[in-house]
$ cat data-v1.cif   # mmCIF, C-alpha atoms and all ligand atoms
data_work
#
loop_
_atom_site.group_PDB
_atom_site.id
_atom_site.type_symbol
_atom_site.label_atom_id
_atom_site.label_comp_id
_atom_site.auth_asym_id
_atom_site.auth_seq_id
_atom_site.Cartn_x
_atom_site.Cartn_y
_atom_site.Cartn_z
ATOM 1 C CA MET A 1 -1.794 143.095 -42.516
ATOM 2 C CA ARG A 2 -4.611 145.132 -44.070
ATOM 3 C CA LYS A 3 -4.477 145.553 -47.802
ATOM 4 C CA ARG A 4 -6.556 147.370 -50.446
ATOM 5 C CA VAL A 5 -7.667 145.095 -53.286
ATOM 6 C CA THR A 6 -10.032 145.411 -56.218
ATOM 7 C CA VAL A 7 -12.904 142.943 -56.223
ATOM 8 C CA ASP A 8 -15.407 143.126 -59.077
ATOM 9 C CA GLY A 9 -14.165 146.583 -60.010
ATOM 10 C CA ARG A 10 -14.549 147.937 -56.459
ATOM 11 C CA ARG A 11 -11.849 148.773 -53.924
ATOM 12 C CA ARG A 12 -12.070 146.770 -50.715
ATOM 13 C CA THR A 13 -9.910 146.343 -47.628
ATOM 14 C CA VAL A 14 -8.960 142.833 -46.563
ATOM 15 C CA ASP A 15 -7.067 141.714 -43.473
ATOM 16 C CA GLU A 16 -4.460 139.388 -44.963
ATOM 17 C CA SER A 17 -2.981 138.328 -41.620
ATOM 18 C CA ARG A 18 -6.272 136.549 -40.763
ATOM 19 C CA SER A 19 -6.698 134.788 -44.067
ATOM 20 C CA THR A 20 -5.726 131.283 -45.060
ATOM 21 C CA VAL A 21 -7.767 131.250 -48.258
ATOM 22 C CA HIS A 22 -8.693 134.113 -50.505
ATOM 23 C CA ARG A 23 -10.192 133.582 -53.894
ATOM 24 C CA GLN A 24 -11.224 136.399 -56.148
ATOM 25 C CA PRO A 25 -14.703 135.913 -57.552
ATOM 26 C CA SER A 26 -14.727 134.108 -60.875
ATOM 27 C CA THR A 27 -16.267 136.020 -63.771
ATOM 28 C CA VAL A 28 -20.040 135.874 -63.628
ATOM 29 C CA SER A 29 -20.343 134.234 -67.027
ATOM 30 C CA ASN A 30 -20.286 130.442 -66.614
ATOM 31 C CA TRP A 31 -20.031 130.840 -62.828
ATOM 32 C CA TRP A 32 -21.938 127.552 -62.463
ATOM 33 C CA GLN A 33 -18.933 125.568 -63.720
ATOM 34 C CA ASN A 34 -16.892 126.222 -60.546
ATOM 35 C CA TYR A 35 -19.240 127.599 -57.918
ATOM 36 C CA PHE A 36 -20.660 124.319 -56.576
ATOM 37 C CA ASP A 37 -17.725 123.185 -54.439
ATOM 38 C CA ALA A 38 -16.929 122.894 -50.730
ATOM 39 C CA GLY A 39 -17.403 126.677 -50.441
ATOM 40 C CA TYR A 40 -21.008 126.377 -51.682
ATOM 41 C CA LEU A 41 -21.686 123.686 -49.061
ATOM 42 C CA ARG A 42 -20.221 125.924 -46.365
ATOM 43 C CA GLU A 43 -22.083 129.027 -47.546
ATOM 44 C CA TYR A 44 -25.522 127.402 -47.553
ATOM 45 C CA GLU A 45 -24.882 125.004 -44.669
ATOM 46 C CA PRO A 46 -27.763 126.384 -42.523
ATOM 47 C CA LEU A 47 -30.202 125.330 -45.271
ATOM 48 C CA PHE A 48 -28.947 121.755 -45.443
ATOM 49 C CA ASN A 49 -30.279 119.501 -42.719
ATOM 50 C CA LEU A 50 -31.599 115.965 -42.798
ATOM 51 C CA GLU A 51 -34.865 116.833 -41.097
ATOM 52 C CA GLU A 52 -35.724 119.420 -43.753
ATOM 53 C CA ASP A 53 -34.600 117.044 -46.540
ATOM 54 C CA ARG A 54 -36.911 114.353 -45.142
ATOM 55 C CA HIS A 55 -39.781 116.826 -44.947
ATOM 56 C CA GLN A 56 -39.256 117.848 -48.585
ATOM 57 C CA VAL A 57 -38.982 114.252 -49.814
ATOM 58 C CA ALA A 58 -42.172 113.301 -47.932
ATOM 59 C CA ARG A 59 -43.961 116.147 -49.707
ATOM 60 C CA LEU A 60 -42.533 115.088 -53.093
ATOM 61 C CA ILE A 61 -43.758 111.529 -52.545
ATOM 62 C CA GLU A 62 -47.209 112.887 -51.662
ATOM 63 C CA ILE A 63 -47.295 115.045 -54.816
ATOM 64 C CA LEU A 64 -46.008 112.335 -57.152
ATOM 65 C CA GLY A 65 -48.182 109.490 -55.848
ATOM 66 C CA LEU A 66 -45.968 106.985 -57.680
ATOM 67 C CA PRO A 67 -45.750 103.242 -56.979
ATOM 68 C CA ALA A 68 -42.606 101.649 -55.517
ATOM 69 C CA ARG A 69 -39.779 101.170 -58.031
ATOM 70 C CA ALA A 70 -41.009 104.076 -60.199
ATOM 71 C CA ARG A 71 -38.109 105.704 -62.052
ATOM 72 C CA VAL A 72 -37.085 109.127 -60.805
ATOM 73 C CA LEU A 73 -34.410 111.471 -62.150
ATOM 74 C CA ASP A 74 -33.074 114.105 -59.726
ATOM 75 C CA CYS A 75 -31.420 116.684 -61.985
ATOM 76 C CA PRO A 76 -29.256 118.320 -60.893
ATOM 77 C CA CYS A 77 -28.927 116.252 -57.733
ATOM 78 C CA GLY A 78 -26.130 118.189 -55.965
ATOM 79 C CA GLN A 79 -24.894 116.322 -52.878
ATOM 80 C CA GLY A 80 -27.756 113.811 -53.236
ATOM 81 C CA ARG A 81 -29.862 115.034 -50.334
ATOM 82 C CA HIS A 82 -33.162 114.190 -52.084
ATOM 83 C CA ALA A 83 -31.918 111.318 -54.287
ATOM 84 C CA HIS A 84 -30.732 109.075 -51.480
ATOM 85 C CA LEU A 85 -33.933 109.523 -49.463
ATOM 86 C CA LEU A 86 -36.042 108.778 -52.559
ATOM 87 C CA ALA A 87 -34.080 105.558 -53.133
ATOM 88 C CA GLU A 88 -34.540 104.718 -49.454
ATOM 89 C CA ALA A 89 -38.295 105.193 -49.975
ATOM 90 C CA GLY A 90 -38.300 102.503 -52.700
ATOM 91 C CA PHE A 91 -37.878 104.413 -55.970
ATOM 92 C CA ASP A 92 -35.358 103.660 -58.700
ATOM 93 C CA VAL A 93 -33.284 106.838 -58.779
ATOM 94 C CA ASP A 94 -30.730 108.456 -61.061
ATOM 95 C CA GLY A 95 -28.956 111.616 -59.961
ATOM 96 C CA LEU A 96 -27.119 113.766 -62.495
ATOM 97 C CA ASP A 97 -24.928 116.751 -61.691
ATOM 98 C CA LEU A 98 -21.954 118.620 -63.086
ATOM 99 C CA SER A 99 -20.012 119.123 -59.855
ATOM 100 C CA THR A 100 -17.472 116.396 -59.044
ATOM 101 C CA THR A 101 -17.248 117.700 -55.455
ATOM 102 C CA LEU A 102 -20.989 117.413 -54.860
ATOM 103 C CA LEU A 103 -21.228 114.059 -56.660
ATOM 104 C CA ALA A 104 -18.487 112.700 -54.385
ATOM 105 C CA ARG A 105 -20.541 113.830 -51.359
ATOM 106 C CA ALA A 106 -23.628 112.195 -52.855
ATOM 107 C CA ARG A 107 -21.823 108.892 -53.471
ATOM 108 C CA ALA A 108 -20.405 108.964 -49.941
ATOM 109 C CA ARG A 109 -23.998 108.720 -48.637
ATOM 110 C CA GLY A 110 -24.309 105.412 -50.501
ATOM 111 C CA THR A 111 -25.162 104.071 -53.925
ATOM 112 C CA GLY A 112 -26.702 100.782 -55.025
ATOM 113 C CA ARG A 113 -28.797 98.975 -57.585
ATOM 114 C CA THR A 114 -31.598 101.562 -57.232
ATOM 115 C CA LEU A 115 -29.436 104.663 -56.710
ATOM 116 C CA ARG A 116 -26.969 105.730 -59.377
ATOM 117 C CA TYR A 117 -25.085 109.003 -59.826
ATOM 118 C CA ARG A 118 -23.439 110.312 -62.951
ATOM 119 C CA ARG A 119 -21.703 113.460 -64.053
ATOM 120 C CA GLY A 120 -23.311 115.400 -66.866
ATOM 121 C CA ASP A 121 -24.726 118.649 -68.190
ATOM 122 C CA MET A 122 -28.471 119.094 -67.754
ATOM 123 C CA ARG A 123 -28.663 120.668 -71.228
ATOM 124 C CA ARG A 124 -27.661 117.329 -72.788
ATOM 125 C CA LEU A 125 -28.962 114.279 -70.979
ATOM 126 C CA PRO A 126 -27.967 110.802 -72.211
ATOM 127 C CA ALA A 127 -29.666 109.809 -75.484
ATOM 128 C CA ARG A 128 -30.729 106.429 -74.105
ATOM 129 C CA TRP A 129 -32.785 108.088 -71.344
ATOM 130 C CA THR A 130 -35.558 109.092 -73.793
ATOM 131 C CA GLY A 131 -38.974 108.239 -72.279
ATOM 132 C CA ARG A 132 -37.347 106.513 -69.275
ATOM 133 C CA TYR A 133 -38.639 108.404 -66.230
ATOM 134 C CA ASP A 134 -41.932 108.566 -64.356
ATOM 135 C CA ALA A 135 -40.733 111.758 -62.687
ATOM 136 C CA VAL A 136 -37.993 114.354 -63.118
ATOM 137 C CA LEU A 137 -37.104 116.652 -60.202
ATOM 138 C CA ASN A 138 -35.412 120.031 -60.589
ATOM 139 C CA LEU A 139 -35.076 121.333 -57.046
ATOM 140 C CA PHE A 140 -33.626 124.207 -54.989
ATOM 141 C CA THR A 141 -33.276 126.837 -57.729
ATOM 142 C CA SER A 142 -31.252 124.675 -60.094
ATOM 143 C CA PHE A 143 -32.359 126.591 -63.180
ATOM 144 C CA GLY A 144 -31.651 129.869 -64.985
ATOM 145 C CA PHE A 145 -27.860 129.562 -64.737
ATOM 146 C CA PHE A 146 -26.913 130.102 -68.368
ATOM 147 C CA ASP A 147 -26.020 133.312 -70.204
ATOM 148 C CA ASP A 148 -28.275 132.404 -73.117
ATOM 149 C CA PRO A 149 -31.943 131.937 -72.143
ATOM 150 C CA ARG A 150 -32.257 129.378 -74.955
ATOM 151 C CA ASP A 151 -30.162 127.063 -72.769
ATOM 152 C CA ASP A 152 -32.918 127.219 -70.140
ATOM 153 C CA GLU A 153 -35.395 126.166 -72.848
ATOM 154 C CA ARG A 154 -33.040 123.326 -73.781
ATOM 155 C CA VAL A 155 -33.037 122.083 -70.196
ATOM 156 C CA ILE A 156 -36.848 121.998 -70.111
ATOM 157 C CA ALA A 157 -36.888 120.215 -73.491
ATOM 158 C CA GLU A 158 -34.443 117.624 -72.152
ATOM 159 C CA PHE A 159 -36.610 117.030 -69.079
ATOM 160 C CA ALA A 160 -39.606 116.549 -71.381
ATOM 161 C CA ARG A 161 -37.660 114.135 -73.606
ATOM 162 C CA VAL A 162 -36.579 111.828 -70.779
ATOM 163 C CA LEU A 163 -40.068 111.693 -69.217
ATOM 164 C CA ARG A 164 -42.457 108.970 -70.351
ATOM 165 C CA PRO A 165 -45.749 110.268 -71.793
ATOM 166 C CA GLY A 166 -47.860 111.171 -68.726
ATOM 167 C CA GLY A 167 -44.705 111.502 -66.561
ATOM 168 C CA VAL A 168 -44.305 114.455 -64.188
ATOM 169 C CA LEU A 169 -41.755 117.252 -63.805
ATOM 170 C CA VAL A 170 -41.482 118.836 -60.360
ATOM 171 C CA TRP A 171 -39.745 122.206 -60.632
ATOM 172 C CA HIS A 172 -38.850 124.074 -57.435
ATOM 173 C CA GLY A 173 -37.036 127.404 -57.248
ATOM 174 C CA GLY A 174 -37.138 131.179 -57.046
ATOM 175 C CA ASP A 175 -40.315 132.946 -58.145
ATOM 176 C CA ARG A 176 -39.570 136.307 -59.761
ATOM 177 C CA ASP A 177 -42.894 137.835 -58.668
ATOM 178 C CA GLY A 178 -42.390 136.986 -55.001
ATOM 179 C CA VAL A 179 -38.657 137.799 -54.943
ATOM 180 C CA MET A 180 -39.482 141.258 -56.354
ATOM 181 C CA ALA A 181 -42.430 141.771 -53.958
ATOM 182 C CA LYS A 182 -40.142 141.487 -50.931
ATOM 183 C CA PHE A 183 -36.685 142.062 -52.319
ATOM 184 C CA VAL A 184 -33.896 141.399 -49.814
ATOM 185 C CA SER A 185 -30.860 143.350 -51.034
ATOM 186 C CA ARG A 186 -28.585 142.404 -48.105
ATOM 187 C CA ASP A 187 -28.499 139.336 -45.913
ATOM 188 C CA TRP A 188 -26.009 137.644 -43.568
ATOM 189 C CA TRP A 189 -25.691 134.590 -41.339
ATOM 190 C CA THR A 190 -23.094 132.578 -39.435
ATOM 191 C CA THR A 191 -22.294 128.918 -40.118
ATOM 192 C CA SER A 192 -21.504 126.330 -37.421
ATOM 193 C CA ASP A 193 -17.713 126.841 -37.713
ATOM 194 C CA GLY A 194 -18.127 130.575 -37.073
ATOM 195 C CA THR A 195 -17.865 131.685 -40.701
ATOM 196 C CA MET A 196 -19.761 134.913 -41.295
ATOM 197 C CA VAL A 197 -21.508 134.930 -44.698
ATOM 198 C CA ALA A 198 -22.756 138.221 -46.146
ATOM 199 C CA GLN A 199 -24.687 138.545 -49.404
ATOM 200 C CA VAL A 200 -25.448 141.605 -51.515
ATOM 201 C CA ARG A 201 -28.128 141.060 -54.156
ATOM 202 C CA SER A 202 -29.052 143.062 -57.243
ATOM 203 C CA PHE A 203 -31.580 142.517 -60.003
ATOM 204 C CA ASP A 204 -31.596 143.424 -63.687
ATOM 205 C CA PRO A 205 -35.211 143.579 -64.944
ATOM 206 C CA LEU A 206 -34.200 143.316 -68.609
ATOM 207 C CA THR A 207 -32.258 140.052 -68.426
ATOM 208 C CA GLY A 208 -34.080 138.818 -65.323
ATOM 209 C CA PHE A 209 -30.733 138.058 -63.664
ATOM 210 C CA LEU A 210 -30.527 138.135 -59.877
ATOM 211 C CA THR A 211 -26.838 138.622 -59.068
ATOM 212 C CA VAL A 212 -25.603 137.581 -55.633
ATOM 213 C CA GLU A 213 -22.210 138.676 -54.317
ATOM 214 C CA SER A 214 -21.191 136.615 -51.292
ATOM 215 C CA ASN A 215 -18.372 137.437 -48.928
ATOM 216 C CA TRP A 216 -17.417 135.070 -46.184
ATOM 217 C CA ARG A 217 -14.906 135.460 -43.415
ATOM 218 C CA GLY A 218 -14.069 132.825 -40.832
ATOM 219 C CA PRO A 219 -11.607 130.366 -39.350
ATOM 220 C CA HIS A 220 -10.866 128.930 -42.805
ATOM 221 C CA GLY A 221 -10.019 132.310 -44.307
ATOM 222 C CA HIS A 222 -12.107 134.529 -46.492
ATOM 223 C CA GLU A 223 -13.568 134.412 -49.948
ATOM 224 C CA ASP A 224 -15.554 136.613 -52.303
ATOM 225 C CA ARG A 225 -17.730 134.891 -54.843
ATOM 226 C CA VAL A 226 -20.510 135.813 -57.204
ATOM 227 C CA HIS A 227 -23.294 133.928 -58.904
ATOM 228 C CA ARG A 228 -26.402 134.844 -60.827
ATOM 229 C CA ILE A 229 -29.681 133.236 -61.667
ATOM 230 C CA ARG A 230 -32.270 134.171 -64.269
ATOM 231 C CA LEU A 231 -35.549 134.374 -62.386
ATOM 232 C CA TYR A 232 -38.830 133.378 -63.986
ATOM 233 C CA THR A 233 -42.411 134.169 -63.101
ATOM 234 C CA PRO A 234 -44.724 131.165 -62.736
ATOM 235 C CA SER A 235 -46.598 132.189 -65.895
ATOM 236 C CA ARG A 236 -43.428 132.479 -68.038
ATOM 237 C CA LEU A 237 -42.136 129.147 -66.789
ATOM 238 C CA ALA A 238 -45.514 127.527 -67.495
ATOM 239 C CA GLU A 239 -45.287 128.883 -71.073
ATOM 240 C CA LEU A 240 -41.774 127.450 -71.514
ATOM 241 C CA MET A 241 -42.960 124.106 -70.223
ATOM 242 C CA ARG A 242 -46.031 124.117 -72.461
ATOM 243 C CA SER A 243 -43.819 124.701 -75.520
ATOM 244 C CA ALA A 244 -41.994 121.492 -74.576
ATOM 245 C CA GLY A 245 -45.241 119.541 -74.094
ATOM 246 C CA LEU A 246 -45.310 119.832 -70.296
ATOM 247 C CA ILE A 247 -48.593 121.123 -68.887
ATOM 248 C CA VAL A 248 -48.503 122.732 -65.441
ATOM 249 C CA GLU A 249 -51.274 121.156 -63.364
ATOM 250 C CA GLN A 250 -50.440 122.497 -59.891
ATOM 251 C CA ALA A 251 -48.442 125.416 -58.477
ATOM 252 C CA PHE A 252 -47.574 125.558 -54.779
ATOM 253 C CA ASP A 253 -45.914 127.948 -52.355
ATOM 254 C CA GLY A 254 -42.666 125.987 -51.889
ATOM 255 C CA PHE A 255 -43.036 122.565 -50.297
ATOM 256 C CA THR A 256 -46.327 123.519 -48.610
ATOM 257 C CA ASP A 257 -49.778 122.592 -49.931
ATOM 258 C CA ALA A 258 -50.747 126.295 -50.188
ATOM 259 C CA PRO A 259 -51.163 127.699 -53.716
ATOM 260 C CA VAL A 260 -48.566 130.006 -55.236
ATOM 261 C CA THR A 261 -49.351 133.730 -54.703
ATOM 262 C CA ARG A 262 -47.792 136.957 -55.968
ATOM 263 C CA ARG A 263 -45.679 137.002 -52.781
ATOM 264 C CA THR A 264 -44.371 133.436 -53.064
ATOM 265 C CA SER A 265 -40.573 133.579 -53.108
ATOM 266 C CA GLU A 266 -40.041 129.857 -53.828
ATOM 267 C CA MET A 267 -42.541 128.132 -56.075
ATOM 268 C CA LEU A 268 -43.076 124.467 -56.771
ATOM 269 C CA LEU A 269 -44.647 123.647 -60.151
ATOM 270 C CA VAL A 270 -45.988 120.243 -61.108
ATOM 271 C CA ALA A 271 -46.125 119.706 -64.879
ATOM 272 C CA ARG A 272 -47.256 116.591 -66.745
ATOM 273 C CA LYS A 273 -45.948 115.465 -70.114
ATOM 274 C CA GLU A 274 -48.796 115.245 -72.592
ATOM 275 C CA PRO A 275 -49.866 111.580 -72.681
ATOM 276 C CA ASN A 276 -49.766 111.428 -76.482
ATOM 277 C CA ARG A 277 -46.381 113.179 -76.807
ATOM 278 C CA ARG A 278 -43.574 110.867 -77.909
ATOM 279 C CA ARG A 279 -40.513 113.161 -77.569
HETATM 280 C C1 LIG A 301 -28.510 124.932 -56.043
HETATM 281 S S1 LIG A 301 -27.756 123.384 -56.362
HETATM 282 C C2 LIG A 301 -29.100 122.294 -56.034
HETATM 283 C C3 LIG A 301 -28.771 120.842 -56.046
HETATM 284 C C4 LIG A 301 -29.871 119.908 -55.516
HETATM 285 N N1 LIG A 301 -31.020 119.871 -56.406
HETATM 286 C C5 LIG A 301 -30.285 120.251 -54.110
HETATM 287 O O1 LIG A 301 -31.488 120.453 -53.873
HETATM 288 O O2 LIG A 301 -29.432 120.293 -53.228
HETATM 289 C C6 LIG A 301 -27.592 123.449 -58.124
HETATM 290 C C7 LIG A 301 -26.836 122.302 -58.720
HETATM 291 O O3 LIG A 301 -26.734 122.472 -60.133
HETATM 292 C C8 LIG A 301 -25.548 121.852 -60.559
HETATM 293 N N2 LIG A 301 -25.219 122.321 -61.912
HETATM 294 C C9 LIG A 301 -24.781 123.541 -62.279
HETATM 295 N N3 LIG A 301 -24.686 123.621 -63.614
HETATM 296 C C10 LIG A 301 -25.045 122.421 -64.103
HETATM 297 C C11 LIG A 301 -25.145 121.890 -65.413
HETATM 298 N N4 LIG A 301 -24.863 122.629 -66.495
HETATM 299 N N5 LIG A 301 -25.565 120.622 -65.563
HETATM 300 C C12 LIG A 301 -25.839 119.857 -64.463
HETATM 301 N N6 LIG A 301 -25.764 120.318 -63.194
HETATM 302 C C13 LIG A 301 -25.376 121.583 -63.015
HETATM 303 C C14 LIG A 301 -24.553 122.236 -59.496
HETATM 304 O O4 LIG A 301 -23.408 121.441 -59.498
HETATM 305 C C15 LIG A 301 -25.411 122.102 -58.237
HETATM 306 O O5 LIG A 301 -25.291 120.836 -57.668
#
$ encode --input "data-v1.cif" --output "structure tokens"
Amino acid sequence: MRKRVTVDGRRRTVDESRSTVHRQPSTVSNWWQNYFDAGYLREYEPLFNLEEDRHQVARLIEILGLPARARVLDCPCGQGRHAHLLAEAGFDVDGLDLSTTLLARARARGTGRTLRYRRGDMRRLPARWTGRYDAVLNLFTSFGFFDDPRDDERVIAEFARVLRPGGVLVWHGGDRDGVMAKFVSRDWWTTSDGTMVAQVRSFDPLTGFLTVESNWRGPHGHEDRVHRIRLYTPSRLAELMRSAGLIVEQAFDGFTDAPVTRRTSEMLLVARKEPNRRR
């Protein structure tokens, strides 16, 4: 049965007879509290594969140049795709994330003496972690979620606090300059179970929010969801980091060894905590 519904203030037609699941999009504010569930894993499934995870972790190890048993925090760690490979490579790893669904997936890959997961909010890391880590990783656009940009500053300050003096933050995510240079307003793909995912993207230059409306239709029903991310330029992010005592030393085009350019859509920044900085 086809039915007219209102989604995000717009009238749309849905075929109810074909649906087993239909969730209205949650409000955009605080979307990050519920978005990272099984639906997120399904939506981005083509981006998650072990070979690519291994490639990224190999590059991280090359960048960090840390000895075995060095302490690494993967925050947020999601389903643990980098954390478990880093532990396998000989590091002592903590993974922190807010999503119980993704943490359960991470734990299902294995935990142990050198691989621990915990639930938490990246704006408030545990007090006893001060100065604990040789490296903190913030990967796959896990930043810019909050309504208030001061929360983004808080996250950077927390990363700086838990790093030892001289420790390194690796930040990987969307680069506002590059995303604007080749803006993709519509995109679509099909996942392995035949689910068709379509995304419509819009950008607000004043807030810096990239809003992504996703609609997927497939054998498990259909769903409309929305999320948004505040995009930063490399220079603005470097300023934020500097204010927290983290000095950007290198800036790459994603996980390659090429330098960031004005057309880089995913940047990877390497910032070191000032050696004489205590907190
Ligand atoms: C795009 S995913 C990336 C996860 C992981 N770094 C990866 O590469 O797969 C973003 C993650 O941020 C987590 N997250 C969202 N809000 C959070 C918060 N306030 N504190 C901690 N984690 C949060 C989500 O649960 C999700 O796992």
$ residues_around --input "data-v1.cif" --residues "A:Arg164" --least-positions-apart "2" --cutoff "8 Å" --atoms "all atoms listed in the file" --output "list in words"
Thr130, Gly131, Arg132, Tyr133, Asp134, Arg161, Val162, Gly166, Gly167, Lys273 and Arg278 of chain A
$ resolve_selection --input "data-v1.cif" --expression "the PyMOL selection byres (((chain A and resi 160) around 7) and not hetatm)" --output "JSON, numbers by chain"
{"A": [156, 157, 158, 159, 161, 162, 163, 244, 245, 246, 273]}
$ closest_residue --input "data-v1.cif" --among "A:Ala258, A:Ala251, A:Ala108, A:Leu169" --to "A:Val155" --atoms "all atoms listed in the file"
A:Leu169
$ resolve_selection --input "data-v1.cif" --expression "the PyMOL selection byres (((chain A and resi 53-63) around 8) and not hetatm)" --output "list in words"
Phe48, Asn49, Leu50, Glu51, Glu52, Leu64, Gly65, Leu66, Arg81, His82, Leu85, Leu86, Phe255 and Thr256 of chain A
$ residues_near_ligand --input "data-v1.cif" --ligand "ligand LIG 301 (chain A)" --cutoff "7 Å" --atoms "all atoms listed in the file" --output "ChimeraX atom specification"
/A:32-33,36,74-82,96-99,102,120-123,138-142,145
$ atom_distance --input "data-v1.cif" --atom1 "atom CA of A:Val28" --atom2 "atom CA of A:Arg217"
20.9 Å
$ resolve_selection --input "data-v1.cif" --expression "the PyMOL selection byres (((chain A and resi 144) around 7) and not hetatm)" --output "PDB file with C-alpha atoms, in the frame of the given file"
ATOM      1  CA  PHE A 143     -32.359 126.591 -63.180  1.00  0.00           C
ATOM      2  CA  PHE A 145     -27.860 129.562 -64.737  1.00  0.00           C
ATOM      3  CA  PHE A 146     -26.913 130.102 -68.368  1.00  0.00           C
ATOM      4  CA  ASP A 152     -32.918 127.219 -70.140  1.00  0.00           C
ATOM      5  CA  ILE A 229     -29.681 133.236 -61.667  1.00  0.00           C
ATOM      6  CA  ARG A 230     -32.270 134.171 -64.269  1.00  0.00           C
ATOM      7  CA  LEU A 231     -35.549 134.374 -62.386  1.00  0.00           C
TER       8      LEU A 231
END
$ axis_aligned_box --input "data-v1.cif" --around "stretch 141-160 of chain A" --padding-each-side "8 Å" --output "lines of an AutoDock Vina configuration file"
center_x = -32.8
center_y = 124.9
center_z = -66.3
size_x = 29.6
size_y = 32.8
size_z = 33.2
$ atom_distance --input "data-v1.cif" --atom1 "atom CA of A:Pro126" --atom2 "atom CA of A:Arg69"
20.8 Å
